[in-house]
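Visitor: This structure is in structure tokens; I'll ask about it shortly.
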Amino acid sequence: MKKYLVYAVILVVGFLLGKLFFGSTTEAQVTKDSEALATKEMWTCSMHPQIMQPKAGDCPICGMDLIPADTSEDGLLIDQFKLTKNAMALANIETTVVQQSKADSNDGITLSGKVMINDDETAIQPAHFNGRIEKLYITSIGKKVNRGQAVAKIYSPELIAAQQELITAYKLRESQPQLYKAVQTKFKNWKVYESQLEDIVKTGSVKTSFTIYSHVSGVVTEISVSDGAHIMDGKPIFKVSNLNTVWANFDVYENQISLVKKGQDIKVVTKAYPNKVFNTKVSYIDPILNSKTRTITLRAVLNNKDNVFKPGMFIEGKIKTSNALKEQSVVVPASAVLWTGKRSVVYIKSSPNEPVFEIKEIELGSKIGANYEVLNGLTNGDEVVTNGAFTVDAAAQLQGKKSMMNKSKGKTTVGHKEHIGMTPTEQDKNVRLKVSKDFQAELKTVLDAYLLVKDALVNEHMETSTKNAKIMLQHIKKVNMKLLKSDDARKKGELFISSIKKEVKLFLESKNIKEQRQYFKNISANLTSSVEVFGVNQKVYSHYCPMADDNNGALWLSKEENILNPYFGKAMLKCGEVKQIIE
């Protein structure tokens, strides 16, 4: 009995000692582990801030290296946020202090341009009958040609047969004068005149070749044929231009359009004559915007009797405007500006010694070289992010701060029914117009063909994308604008459809898939606006990739919520997010 009692005492003592030593250690270890987990650094993707992982690695969406996510906001204002020095280095974030720029000395804007041939003073020397060139006398571009000058020696079976008719008709001219006159008229229509026919009718022998003479004067700018070439009635032999006047064509950016008008004085300067200023007036402003360069063409006519200007020469034009840059206006590098809808924003570095940032909405004026005039939102001395702005914006989204796609404080979400992180009243999107279901059905055929183009780009099949783009163009041409009853709807429809048609044609001219993707970006933007305004009677997802178009970002449309990126294909197939659902 004593033996079992001893065993029981030993067991109880052992249990108490175990609890005393090992139990305390276990609780301490759990506490320590919990604290470590709570303070452990988290890692995120600069382009996809919804990604949050407890350790470094690659983004599961785009494959980029994850960066540390900084959550410390001690002493910061409500709209400010802070990045770690490591994140700054990894994203290569650069800042620039904005400064004031004095107004142009001419109190206006400066435009870049080029001297072009005046098409109004251009003429073509055509062939007036079929034949073969035995000898071409005009062989070099830039040569001066005068009216009546010999152009070429031509062999023409057609003329040989007509000469036989002429000889016969000449012999019968007294008894059949109408026949002789008809044959003469035939030669006149071929620009072969009586002086060339005298020897034929007198000798009665047929010429095997004819010399044709120029009926235009000017400088040769294009030659379409060569010795031995066959010519056809109406086809050009060469083109001449009168260079006594030339065109000065200038590029005008979108934000400068309101500053220019027909009849304005313009001062033209060129590096060839740096000390000379040539005064003229704006004679023409192109009504259609080039969707690729985002410019319109402004034209002025230059007097060139002294042969000062050579076609192809680069020039600058200076125009005085009433809305010219204000004295001491603030300018910001173009690379610092982020656009979303109608809003323009930049990120400023709030603290000179700490990586603290906040977003600022700004109002832009004219573009001055690589800079923009800032009318409102910045002051002289503000330090703005000029490289890595998208990374900073992603950090703002991650930390629940105001960002490019989020006007109010609060983290953005993916797949929201409206724009990401925005309420319906905050959207910068097109207003839906009420149109017939017939028009929506026609627009849907365009969208369906577009989606096939998109799928081909996703799969990197250029031949398929080209084939489907041709189908899309056919559907675009069939869209009936008469189905749009209101003037506002018709104007918008014509604008969208003409822009899409133009970009699809450029898409079809592309030499590689990289070029196709550039035009696909513009097609997507215009088609997105069309679907927003008119609808297609079904749900459409608007996707967005901030890394497309050299990190400028680009949209595309899809019938599915699932991301399949047409701008990168297999390289970054899942890079992107749902920006909007259009219904």
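Going through the structure tokens in order, the chains are called A, B, and so on, while each chain numbers its residues from 1 and the ligands are numbered from 1 in the order shown.
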Got a sec: who's within 9 Å of A:Tyr519, counting only C-alpha atoms, leaving out chain neighbours fewer than 5 positions off, as a PyMOL selection string?

Guide: chain A and resi 292+503-504+506-507+510+524

Visitor: Can I get the selection written as an mmCIF file, in the first residue's frame, with N, CA, C and O atoms?

Guide:
```
data_model
loop_
_atom_site.group_PDB
_atom_site.id
_atom_site.type_symbol
_atom_site.label_atom_id
_atom_site.label_comp_id
_atom_site.auth_asym_id
_atom_site.auth_seq_id
_atom_site.Cartn_x
_atom_site.Cartn_y
_atom_site.Cartn_z
ATOM 1 N N LYS A 292 -4.113 60.279 -82.859
ATOM 2 C CA LYS A 292 -2.841 59.665 -82.485
ATOM 3 C C LYS A 292 -1.921 60.678 -81.807
ATOM 4 O O LYS A 292 -1.302 60.396 -80.779
ATOM 5 N N GLU A 503 -9.438 54.966 -86.351
ATOM 6 C CA GLU A 503 -8.450 54.179 -85.611
ATOM 7 C C GLU A 503 -8.398 52.733 -86.100
ATOM 8 O O GLU A 503 -7.331 52.116 -86.134
ATOM 9 N N VAL A 504 -9.546 52.186 -86.494
ATOM 10 C CA VAL A 504 -9.565 50.810 -87.015
ATOM 11 C C VAL A 504 -8.790 50.738 -88.333
ATOM 12 O O VAL A 504 -8.057 49.778 -88.586
ATOM 13 N N LEU A 506 -6.274 52.633 -89.168
ATOM 14 C CA LEU A 506 -4.856 52.684 -88.791
ATOM 15 C C LEU A 506 -4.411 51.337 -88.218
ATOM 16 O O LEU A 506 -3.282 50.891 -88.449
ATOM 17 N N PHE A 507 -5.305 50.711 -87.451
ATOM 18 C CA PHE A 507 -5.030 49.378 -86.895
ATOM 19 C C PHE A 507 -4.725 48.398 -88.023
ATOM 20 O O PHE A 507 -3.783 47.600 -87.937
ATOM 21 N N SER A 510 -1.242 48.553 -89.499
ATOM 22 C CA SER A 510 -0.137 48.269 -88.583
ATOM 23 C C SER A 510 0.747 47.155 -89.125
ATOM 24 O O SER A 510 0.262 46.195 -89.721
ATOM 25 N N SER A 524 -10.520 51.414 -78.043
ATOM 26 C CA SER A 524 -11.185 51.049 -76.784
ATOM 27 C C SER A 524 -11.745 52.276 -76.077
ATOM 28 O O SER A 524 -12.865 52.247 -75.550
#
```

Visitor: Write out as a list in words each polymer residue whose atoms come within 12 Å of A:Ser214, counting only C-alpha atoms; drop sequence neighbours fewer than 4 positions from it.

Guide: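 In the requested format, the answer is Ala123, Ile124, Gln125, Pro126, Ala127, His128, Tyr137, Ile138, Lys144, Val145, Asn146, Arg147, Gly148, Gln149, Ala150, Val151, Ala152, Lys153, Lys191, Val192, Gly218, Val220, Pro236, Ile237, Phe238, Lys239 and Val240 of chain A.
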
Visitor: Please dump the current selection as an mmCIF file, in the first residue's frame; keep N, CA, C and O atoms.

Guide:
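Below you can see result.cif, which holds the result:
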```cif
data_model
loop_
_atom_site.group_PDB
_atom_site.id
_atom_site.type_symbol
_atom_site.label_atom_id
_atom_site.label_comp_id
_atom_site.auth_asym_id
_atom_site.auth_seq_id
_atom_site.Cartn_x
_atom_site.Cartn_y
_atom_site.Cartn_z
ATOM 1 N N ALA A 123 0.039 70.998 -109.932
ATOM 2 C CA ALA A 123 -0.620 70.517 -111.150
ATOM 3 C C ALA A 123 0.016 69.202 -111.596
ATOM 4 O O ALA A 123 1.164 68.908 -111.258
ATOM 5 N N ILE A 124 -0.728 68.420 -112.371
ATOM 6 C CA ILE A 124 -0.262 67.125 -112.858
ATOM 7 C C ILE A 124 -0.215 67.137 -114.387
ATOM 8 O O ILE A 124 -1.139 67.644 -115.042
ATOM 9 N N GLN A 125 0.862 66.628 -114.948
ATOM 10 C CA GLN A 125 0.951 66.403 -116.390
ATOM 11 C C GLN A 125 0.528 64.953 -116.661
ATOM 12 O O GLN A 125 1.270 64.016 -116.364
ATOM 13 N N PRO A 126 -0.690 64.744 -117.189
ATOM 14 C CA PRO A 126 -1.150 63.378 -117.429
ATOM 15 C C PRO A 126 -0.831 62.905 -118.844
ATOM 16 O O PRO A 126 -0.497 63.692 -119.725
ATOM 17 N N ALA A 127 -0.962 61.617 -119.064
ATOM 18 C CA ALA A 127 -0.923 61.065 -120.415
ATOM 19 C C ALA A 127 -2.316 61.177 -121.013
ATOM 20 O O ALA A 127 -3.317 61.004 -120.306
ATOM 21 N N HIS A 128 -2.388 61.493 -122.314
ATOM 22 C CA HIS A 128 -3.689 61.672 -122.962
ATOM 23 C C HIS A 128 -4.042 60.538 -123.909
ATOM 24 O O HIS A 128 -5.085 60.567 -124.561
ATOM 25 N N TYR A 137 12.144 62.929 -121.114
ATOM 26 C CA TYR A 137 13.036 64.086 -121.030
ATOM 27 C C TYR A 137 13.059 64.717 -119.633
ATOM 28 O O TYR A 137 13.985 65.448 -119.300
ATOM 29 N N ILE A 138 12.044 64.426 -118.815
ATOM 30 C CA ILE A 138 11.981 64.953 -117.444
ATOM 31 C C ILE A 138 12.401 63.812 -116.520
ATOM 32 O O ILE A 138 11.630 62.875 -116.282
ATOM 33 N N LYS A 144 12.990 72.547 -113.262
ATOM 34 C CA LYS A 144 11.961 73.509 -113.670
ATOM 35 C C LYS A 144 11.431 73.115 -115.035
ATOM 36 O O LYS A 144 12.183 72.816 -115.960
ATOM 37 N N VAL A 145 10.098 73.070 -115.160
ATOM 38 C CA VAL A 145 9.441 72.726 -116.410
ATOM 39 C C VAL A 145 8.561 73.900 -116.836
ATOM 40 O O VAL A 145 7.831 74.465 -116.021
ATOM 41 N N ASN A 146 8.646 74.264 -118.136
ATOM 42 C CA ASN A 146 7.829 75.349 -118.681
ATOM 43 C C ASN A 146 6.759 74.790 -119.599
ATOM 44 O O ASN A 146 6.922 73.739 -120.224
ATOM 45 N N ARG A 147 5.671 75.512 -119.685
ATOM 46 C CA ARG A 147 4.582 75.115 -120.567
ATOM 47 C C ARG A 147 5.089 75.053 -122.009
ATOM 48 O O ARG A 147 5.775 75.963 -122.479
ATOM 49 N N GLY A 148 4.777 73.982 -122.731
ATOM 50 C CA GLY A 148 5.210 73.819 -124.109
ATOM 51 C C GLY A 148 6.531 73.086 -124.255
ATOM 52 O O GLY A 148 6.975 72.803 -125.374
ATOM 53 N N GLN A 149 7.177 72.745 -123.137
ATOM 54 C CA GLN A 149 8.463 72.044 -123.175
ATOM 55 C C GLN A 149 8.244 70.565 -123.491
ATOM 56 O O GLN A 149 7.276 69.950 -123.047
ATOM 57 N N ALA A 150 9.139 69.968 -124.268
ATOM 58 C CA ALA A 150 9.038 68.546 -124.603
ATOM 59 C C ALA A 150 9.164 67.704 -123.345
ATOM 60 O O ALA A 150 10.078 67.900 -122.530
ATOM 61 N N VAL A 151 8.264 66.759 -123.183
ATOM 62 C CA VAL A 151 8.214 65.932 -121.982
ATOM 63 C C VAL A 151 8.737 64.526 -122.250
ATOM 64 O O VAL A 151 9.574 64.001 -121.512
ATOM 65 N N ALA A 152 8.243 63.913 -123.329
ATOM 66 C CA ALA A 152 8.619 62.533 -123.608
ATOM 67 C C ALA A 152 8.330 62.188 -125.063
ATOM 68 O O ALA A 152 7.521 62.835 -125.737
ATOM 69 N N LYS A 153 9.032 61.167 -125.549
ATOM 70 C CA LYS A 153 8.791 60.616 -126.879
ATOM 71 C C LYS A 153 8.056 59.295 -126.688
ATOM 72 O O LYS A 153 8.531 58.403 -125.976
ATOM 73 N N LYS A 191 -4.240 66.024 -127.301
ATOM 74 C CA LYS A 191 -3.276 67.129 -127.171
ATOM 75 C C LYS A 191 -2.197 67.064 -128.250
ATOM 76 O O LYS A 191 -1.051 67.437 -128.021
ATOM 77 N N VAL A 192 -2.560 66.546 -129.439
ATOM 78 C CA VAL A 192 -1.680 66.554 -130.603
ATOM 79 C C VAL A 192 -2.284 67.553 -131.593
ATOM 80 O O VAL A 192 -3.417 67.356 -132.057
ATOM 81 N N GLY A 218 6.144 74.681 -113.678
ATOM 82 C CA GLY A 218 6.461 74.615 -112.256
ATOM 83 C C GLY A 218 7.696 73.779 -111.998
ATOM 84 O O GLY A 218 8.411 73.383 -112.931
ATOM 85 N N VAL A 220 9.304 70.294 -110.704
ATOM 86 C CA VAL A 220 8.905 68.891 -110.625
ATOM 87 C C VAL A 220 9.073 68.386 -109.189
ATOM 88 O O VAL A 220 10.166 68.455 -108.613
ATOM 89 N N PRO A 236 -0.924 59.981 -114.397
ATOM 90 C CA PRO A 236 0.089 61.049 -114.312
ATOM 91 C C PRO A 236 1.462 60.605 -114.812
ATOM 92 O O PRO A 236 1.865 59.460 -114.618
ATOM 93 N N ILE A 237 2.143 61.540 -115.471
ATOM 94 C CA ILE A 237 3.540 61.332 -115.867
ATOM 95 C C ILE A 237 4.443 61.966 -114.814
ATOM 96 O O ILE A 237 5.393 61.357 -114.348
ATOM 97 N N PHE A 238 4.120 63.204 -114.431
ATOM 98 C CA PHE A 238 4.851 63.868 -113.348
ATOM 99 C C PHE A 238 3.959 64.938 -112.739
ATOM 100 O O PHE A 238 2.907 65.293 -113.292
ATOM 101 N N LYS A 239 4.377 65.420 -111.571
ATOM 102 C CA LYS A 239 3.652 66.467 -110.857
ATOM 103 C C LYS A 239 4.566 67.681 -110.687
ATOM 104 O O LYS A 239 5.761 67.514 -110.420
ATOM 105 N N VAL A 240 4.013 68.868 -110.864
ATOM 106 C CA VAL A 240 4.787 70.096 -110.675
ATOM 107 C C VAL A 240 4.095 70.979 -109.645
ATOM 108 O O VAL A 240 2.883 70.910 -109.461
#
```

Visitor: Near stretch 348-351 of chain A, counting only C-alpha atoms, which residues have an atom at most 9 Å away, once you skip same-chain residues fewer than 5 positions from it, shown as a PDB file with N, CA and C atoms, in the first residue's frame?

Guide:
```pdb
ATOM      1  N   GLN A  80      -2.466  62.790 -45.870  1.00  0.00           N
ATOM      2  CA  GLN A  80      -1.057  62.474 -46.090  1.00  0.00           C
ATOM      3  C   GLN A  80      -0.775  61.000 -45.803  1.00  0.00           C
ATOM      4  N   THR A  95      11.358  63.475 -57.500  1.00  0.00           N
ATOM      5  CA  THR A  95      10.533  64.671 -57.311  1.00  0.00           C
ATOM      6  C   THR A  95      11.226  65.897 -57.895  1.00  0.00           C
ATOM      7  N   VAL A 356       6.861  61.852 -47.188  1.00  0.00           N
ATOM      8  CA  VAL A 356       5.436  62.017 -46.916  1.00  0.00           C
ATOM      9  C   VAL A 356       4.789  62.671 -48.138  1.00  0.00           C
ATOM     10  N   PHE A 357       3.669  62.117 -48.604  1.00  0.00           N
ATOM     11  CA  PHE A 357       3.042  62.595 -49.833  1.00  0.00           C
ATOM     12  C   PHE A 357       1.555  62.843 -49.623  1.00  0.00           C
ATOM     13  N   GLU A 358       0.989  63.654 -50.535  1.00  0.00           N
ATOM     14  CA  GLU A 358      -0.463  63.819 -50.595  1.00  0.00           C
ATOM     15  C   GLU A 358      -0.853  64.246 -52.004  1.00  0.00           C
ATOM     16  N   ILE A 359      -2.092  63.925 -52.375  1.00  0.00           N
ATOM     17  CA  ILE A 359      -2.571  64.227 -53.726  1.00  0.00           C
ATOM     18  C   ILE A 359      -3.090  65.651 -53.805  1.00  0.00           C
ATOM     19  N   LYS A 360      -2.907  66.279 -54.979  1.00  0.00           N
ATOM     20  CA  LYS A 360      -3.426  67.620 -55.219  1.00  0.00           C
ATOM     21  C   LYS A 360      -4.127  67.635 -56.574  1.00  0.00           C
ATOM     22  N   ASP A 382       6.369  74.157 -54.475  1.00  0.00           N
ATOM     23  CA  ASP A 382       5.826  72.822 -54.183  1.00  0.00           C
ATOM     24  C   ASP A 382       6.709  71.758 -54.836  1.00  0.00           C
ATOM     25  N   GLU A 383       6.923  70.650 -54.136  1.00  0.00           N
ATOM     26  CA  GLU A 383       7.750  69.559 -54.651  1.00  0.00           C
ATOM     27  C   GLU A 383       6.834  68.436 -55.135  1.00  0.00           C
ATOM     28  N   VAL A 384       6.824  68.163 -56.447  1.00  0.00           N
ATOM     29  CA  VAL A 384       5.899  67.191 -57.027  1.00  0.00           C
ATOM     30  C   VAL A 384       6.642  65.944 -57.476  1.00  0.00           C
ATOM     31  N   VAL A 385       5.941  64.807 -57.489  1.00  0.00           N
ATOM     32  CA  VAL A 385       6.500  63.542 -57.968  1.00  0.00           C
ATOM     33  C   VAL A 385       6.498  63.563 -59.490  1.00  0.00           C
TER      34      VAL A 385
END
```

Visitor: Taking 5 positions as the minimum chain separation for residues in the same chain, which residues sit within 9 Å of A:Tyr372 when counting only C-alpha atoms? Answer as a PyMOL selection string.

Guide: chain A and resi 330-334+337+364-367

Visitor: Show me, as a list in words, the residues that have an atom within 12 Å of A:Leu197 when counting only C-alpha atoms, minus same-chain residues fewer than 5 positions from it.

Guide: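 Everything that qualifies: Leu159, Ala162, Gln163, Gln164, Leu166, Ile167, Tyr170, Val183, Gln184, Phe187, Lys188, Lys191, Val192, Lys202, Thr203, Gly204, Ser205, Val206, Lys207, Phe210 and Thr211 of chain A.
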
Visitor: Which is closest to A:Val392 among A:Lys82, A:Lys492, A:Lys55, A:Lys482, if we use only C-alpha atoms?

Guide: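 Closest candidate: A:Lys82.
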
Visitor: Find the residue from A:Trp190, A:Thr391, A:Ser558, A:Lys402 that sits nearest to A:Ala449; use only C-alpha atoms when measuring.

Guide: A:Ser558

Visitor: What parts of stretch 290-328 of chain A does DSSP call strand (DSSP E)? I'd like the answer as a list in words.

Guide: Thr295, Ile296, Thr297, Leu298, Arg299, Ala300, Val301, Leu302, Asn303, Phe314, Ile315, Glu316, Gly317, Lys318, Ile319 and Lys320 of chain A

Visitor: Give me a file of those residues, with all heavy atoms, as a compact mmCIF listing (two decimals), in the first residue's frame.

Guide:
```
# COMPACT_ATOMS: atom_id res chain seq x y z
N THR A 295 -3.48 66.43 -81.80
CA THR A 295 -3.24 67.79 -82.31
C THR A 295 -4.15 68.05 -83.50
O THR A 295 -4.68 67.14 -84.13
CB THR A 295 -1.78 67.99 -82.76
OG1 THR A 295 -1.48 67.08 -83.83
CG2 THR A 295 -0.82 67.77 -81.61
N ILE A 296 -4.30 69.35 -83.83
CA ILE A 296 -4.91 69.75 -85.10
C ILE A 296 -3.85 70.50 -85.89
O ILE A 296 -2.84 70.95 -85.33
CB ILE A 296 -6.16 70.64 -84.90
CG1 ILE A 296 -5.78 71.95 -84.16
CG2 ILE A 296 -7.25 69.91 -84.17
CD1 ILE A 296 -6.89 72.97 -84.15
N THR A 297 -4.08 70.65 -87.20
CA THR A 297 -3.12 71.35 -88.06
C THR A 297 -3.59 72.79 -88.28
O THR A 297 -4.74 73.02 -88.67
CB THR A 297 -2.98 70.64 -89.41
OG1 THR A 297 -2.47 69.33 -89.19
CG2 THR A 297 -2.02 71.39 -90.32
N LEU A 298 -2.70 73.72 -88.03
CA LEU A 298 -2.93 75.13 -88.32
C LEU A 298 -2.04 75.50 -89.51
O LEU A 298 -0.87 75.14 -89.55
CB LEU A 298 -2.60 75.99 -87.10
CG LEU A 298 -2.71 77.51 -87.23
CD1 LEU A 298 -3.14 78.12 -85.90
CD2 LEU A 298 -1.39 78.14 -87.67
N ARG A 299 -2.59 76.23 -90.46
CA ARG A 299 -1.85 76.52 -91.70
C ARG A 299 -1.77 78.01 -91.97
O ARG A 299 -2.73 78.76 -91.72
CB ARG A 299 -2.51 75.81 -92.87
CG ARG A 299 -1.82 76.01 -94.22
CD ARG A 299 -2.60 75.35 -95.33
NE ARG A 299 -2.74 73.94 -95.07
CZ ARG A 299 -3.75 73.20 -95.51
NH1 ARG A 299 -4.71 73.75 -96.22
NH2 ARG A 299 -3.78 71.90 -95.24
N ALA A 300 -0.63 78.42 -92.49
CA ALA A 300 -0.44 79.79 -92.98
C ALA A 300 0.27 79.70 -94.33
O ALA A 300 1.03 78.77 -94.58
CB ALA A 300 0.38 80.62 -92.00
N VAL A 301 0.01 80.66 -95.22
CA VAL A 301 0.64 80.70 -96.54
C VAL A 301 1.81 81.67 -96.50
O VAL A 301 1.67 82.81 -96.04
CB VAL A 301 -0.36 81.12 -97.63
CG1 VAL A 301 0.32 81.18 -98.99
CG2 VAL A 301 -1.54 80.15 -97.67
N LEU A 302 2.99 81.21 -96.95
CA LEU A 302 4.20 82.03 -96.94
C LEU A 302 4.58 82.43 -98.36
O LEU A 302 4.58 81.60 -99.28
CB LEU A 302 5.36 81.26 -96.31
CG LEU A 302 5.23 80.91 -94.82
CD1 LEU A 302 6.34 79.95 -94.42
CD2 LEU A 302 5.27 82.16 -93.96
N ASN A 303 4.91 83.71 -98.54
CA ASN A 303 5.41 84.19 -99.82
C ASN A 303 6.83 83.65 -100.03
O ASN A 303 7.69 83.81 -99.16
CB ASN A 303 5.42 85.73 -99.83
CG ASN A 303 5.75 86.29 -101.20
OD1 ASN A 303 6.67 85.81 -101.86
ND2 ASN A 303 5.00 87.29 -101.61
N PHE A 314 12.02 72.77 -91.06
CA PHE A 314 11.36 72.97 -89.77
C PHE A 314 11.27 74.46 -89.45
O PHE A 314 12.21 75.21 -89.71
CB PHE A 314 12.11 72.24 -88.65
CG PHE A 314 12.00 70.75 -88.71
CD1 PHE A 314 13.08 69.96 -89.02
CD2 PHE A 314 10.78 70.13 -88.46
CE1 PHE A 314 12.98 68.58 -89.09
CE2 PHE A 314 10.65 68.75 -88.52
CZ PHE A 314 11.76 67.98 -88.84
N ILE A 315 10.14 74.85 -88.88
CA ILE A 315 9.91 76.27 -88.55
C ILE A 315 9.19 76.36 -87.21
O ILE A 315 8.71 75.37 -86.67
CB ILE A 315 9.06 76.96 -89.64
CG1 ILE A 315 7.79 76.13 -89.92
CG2 ILE A 315 9.85 77.19 -90.92
CD1 ILE A 315 6.86 76.75 -90.93
N GLU A 316 9.14 77.59 -86.68
CA GLU A 316 8.36 77.88 -85.48
C GLU A 316 7.44 79.06 -85.78
O GLU A 316 7.82 79.97 -86.52
CB GLU A 316 9.26 78.24 -84.29
CG GLU A 316 9.92 77.05 -83.62
CD GLU A 316 10.62 77.42 -82.34
OE1 GLU A 316 10.77 78.64 -82.07
OE2 GLU A 316 11.02 76.51 -81.59
N GLY A 317 6.24 79.01 -85.21
CA GLY A 317 5.29 80.10 -85.37
C GLY A 317 4.91 80.66 -84.02
O GLY A 317 4.66 79.91 -83.08
N LYS A 318 4.89 81.97 -83.91
CA LYS A 318 4.52 82.62 -82.64
C LYS A 318 3.26 83.45 -82.85
O LYS A 318 3.19 84.28 -83.75
CB LYS A 318 5.67 83.50 -82.14
CG LYS A 318 6.93 82.69 -81.82
CD LYS A 318 8.01 83.52 -81.16
CE LYS A 318 9.21 82.65 -80.80
NZ LYS A 318 10.27 83.41 -80.12
N ILE A 319 2.27 83.17 -82.01
CA ILE A 319 0.98 83.83 -82.11
C ILE A 319 0.68 84.56 -80.82
O ILE A 319 0.79 83.99 -79.73
CB ILE A 319 -0.14 82.81 -82.39
CG1 ILE A 319 0.10 82.09 -83.72
CG2 ILE A 319 -1.51 83.48 -82.40
CD1 ILE A 319 -0.94 81.04 -84.04
N LYS A 320 0.29 85.83 -80.94
CA LYS A 320 -0.16 86.57 -79.77
C LYS A 320 -1.59 86.18 -79.47
O LYS A 320 -2.42 86.08 -80.37
CB LYS A 320 -0.09 88.08 -80.02
CG LYS A 320 1.32 88.64 -80.05
CD LYS A 320 1.29 90.14 -80.18
CE LYS A 320 2.71 90.72 -80.16
NZ LYS A 320 2.69 92.19 -80.27
```

Visitor: From the options A:Met116, A:Val225, A:Leu378, A:Ile141, which residue's atoms come nearest to A:Gln99, counting only C-alpha atoms?

Guide: A:Leu378
